[in-house]
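All remarks here apply to the structure that follows.
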Amino acid sequence: MFENHVSPWMNEELHIMRDAVRKFLAREFVPNLPRWEKQGFIDREAWYKAGEAGILCASIPEQYGGGGGNFRHEMVLVEEMAYARMGGFGNGVHSGIVAHYINSYGTEAQKQKWLPKMATGDLVSAIAMTEPGTGSDLQSVATTALRDEDFYRLNGQKTFLTNGQTANLICVVAKTDPTESAKGISLIMVETDGAEGFSRGRNLEKLGMKSQDTSEVFFDNVAVPTDNLLGSAEGKGFVQLMQQLPQERLIIAAGACAAMETALRLTADYVKERKAFGKRILDFQNTQFKLAERYTEARLARIFVDDCAMRLAEGRLDETTAAMAKWWTTQKQCEIVDECLQFFGGYGYMLEYPIARMYADSRIQKIYGGTNEIMKMLIAREI
C-alpha cells in the first residue's frame with residue numbers, strides 16, 4: 001500500500017540515491033545488526049564505510065567534503081535507516097544536526113577543519129545537551145565554559161549522548177556566563193582525543209536502541225581553545241539551538257513515519273499467513289478495521305511530514321509546525337507499533353521478532369528532541 005505513495009519532494013536523483021543506500025545497508029549493516037545489538041555499539045569501521053559510500057554529511061556543501069545535497073537527501077537516509085531498523089547508527093545526530101551547527105555558525109577555518117573529516121568518518125560527532133539534573137530546560141544547564149586567556153575551562157557533566165562512546169568531536173551546550181540564563185549559553189566544540197580532564201562513563205543500558213552507544217561524559221577543567229566557540233560571540237548558543245531544532249525534530253518525525261510503515265508491512269504479512277479458529281487473522285473484521293485505521297494514520301503522518309520536508313528544504317518550516325510533526329508522529333508510532341505487536345500474540349513479545357524490538361525502540365521517540373509535552377507547550381503559545 002505504501003509503495004503507491006511517491007513523496008512530492010522525491011526526484012530521479014533521490015530515487016537513485018535511495019536504491020544505492022538500501023543496497024549498501026543490506027550488504028554492510030543489516031547482517032551485523034544482531035552482533036551490534038549484543039555488544040551495545042556499532043563498529044567504528046562502519047563509520048568509515050558509510051563515509052566511503054557518501055552517506056555521511058550528505059547535505060553539507062561539496063567544498064567541505066559533503067554530498068552537496070539538502071534536507072531531502074537527509075530524509076532519504078533517515079527513512080532507509082528506519083526501514084532497515086538501523087536506528088542505532090547515529091548519523092541523524094552526526095550529519096543532520098552537528099554538521100549543520102558547524103556549517104551554519106562555524107568560521108571558515110572551523111568548517112575546513114571539521115566537516116571534511118566528519119564526511120569521511122574520521123571524526124564522529126555528538127551533541128551534549130542533557131545533564132543529570134536538566135533535560136528539556138536547556139536554559140538551566142550547569143556545565144560552564146569560563147574563559148582563561150586563550151582557552152575555556154570546561155567543567156560539568158552531560159548524559160544521554162548518542163554516539164557517546166564513539167564520538168571524538170562533541171558540541172557542548174555550556175554557560176559562558178553563569179549569571180545569565182538563555183543569554184549565557186554558548187556552543188563549544190570539544191575535540192576529545194587527548195583532551196586532559198575529559199572522560200566517558202559507561203555505555204548506558206537502555207530499553208531499546210540496543211546497537212546505539214549512549215553515554216554520559218565528564219569535563220574536569222578541560223582546556224578548550226576559544227577558537228572552538230561556534231558563532232561570532234559568546235551567548236549565542238540558545239538562539240542557535242532554537243534555529244536548528246525544527247530540522248532535528250523533523251528528522252525524528254521522518255523516522256517515525258518509516259517505523260510506522262515498517263511495522264504495518266510486517267504485520268500485514270503476518271496476519272495473511274497466521275491462522276486462528278480455522279481462518280487467517282486478516283479475515284477477522286476486528287483485524288481489518290484496526291489495520292484500516294492504522295494505515296490511514298500512517299498515510300496522514302506521511303503526507304504531513306512530506307509537506308514539512310518541502311517547507312524545510314525551502315527554509316519555510318516554522319518551529320510550531322515542526323513541534324506538531326514531532327509529537328504527533330511519535331505518538332502515533334508508539335500506538336501503531338503497540339497495536340501491531342498485539343496481532344502477533346505471544347510471538348510479538350519475543351525479541352527474535354522484529355516487532356518486539358521495534359516496540360522497545362519506539363518509546364524514546366516521545367522523549368528526545370524535546371519531550372512531547374514540551375512540543376504541546378510550544379504549540380499552545382501560538383494559540
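Letters A, B, ... go to the chains of the C-alpha cells in the order shown; residues in each chain start at 1; ligands are counted from 1 in the same order.
Residues within 8 Å of Gly201 of chain A, counting only C-alpha atoms and excluding same-chain residues fewer than 2 positions away, are Ser199, Asn203, Ser215, Glu216, Val217 and Phe218 of chain A.
Contact shell of Gly237 of chain A at 12 Å (only C-alpha atoms; same-chain neighbours under 6 positions omitted): A:Tyr101, A:Tyr105, A:Met129, A:Leu138, A:Gln139, A:Val141, A:Cys171, A:Val172, A:Val173, A:Ala174, A:Lys175, A:Thr176, A:Asp177, A:Ser181, A:Ala182, A:Lys183, A:Gly184, A:Ile185, A:Ser186, A:Leu187, A:Ile188, A:Met189, A:Leu229, A:Leu230, A:Gly231, A:Gln243, A:Gln244.
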Interatomic distance (Å, one decimal) between atom CA of Ile97 of chain A and atom CA of Glu248 of chain A: 6.3 Å
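The space separating atom CA of Thr130 of chain A from atom CA of Met209 of chain A comes to 18.0 Å.
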Pick the closest to Val30 of chain A from A:Gly87, A:Gly164, A:Gly51, A:Gly66: which is it, counting only C-alpha atoms? A:Gly87
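Taking atom CA of Arg249 of chain A and atom CA of His94 of chain A as endpoints, the distance between them is 14.4 Å.
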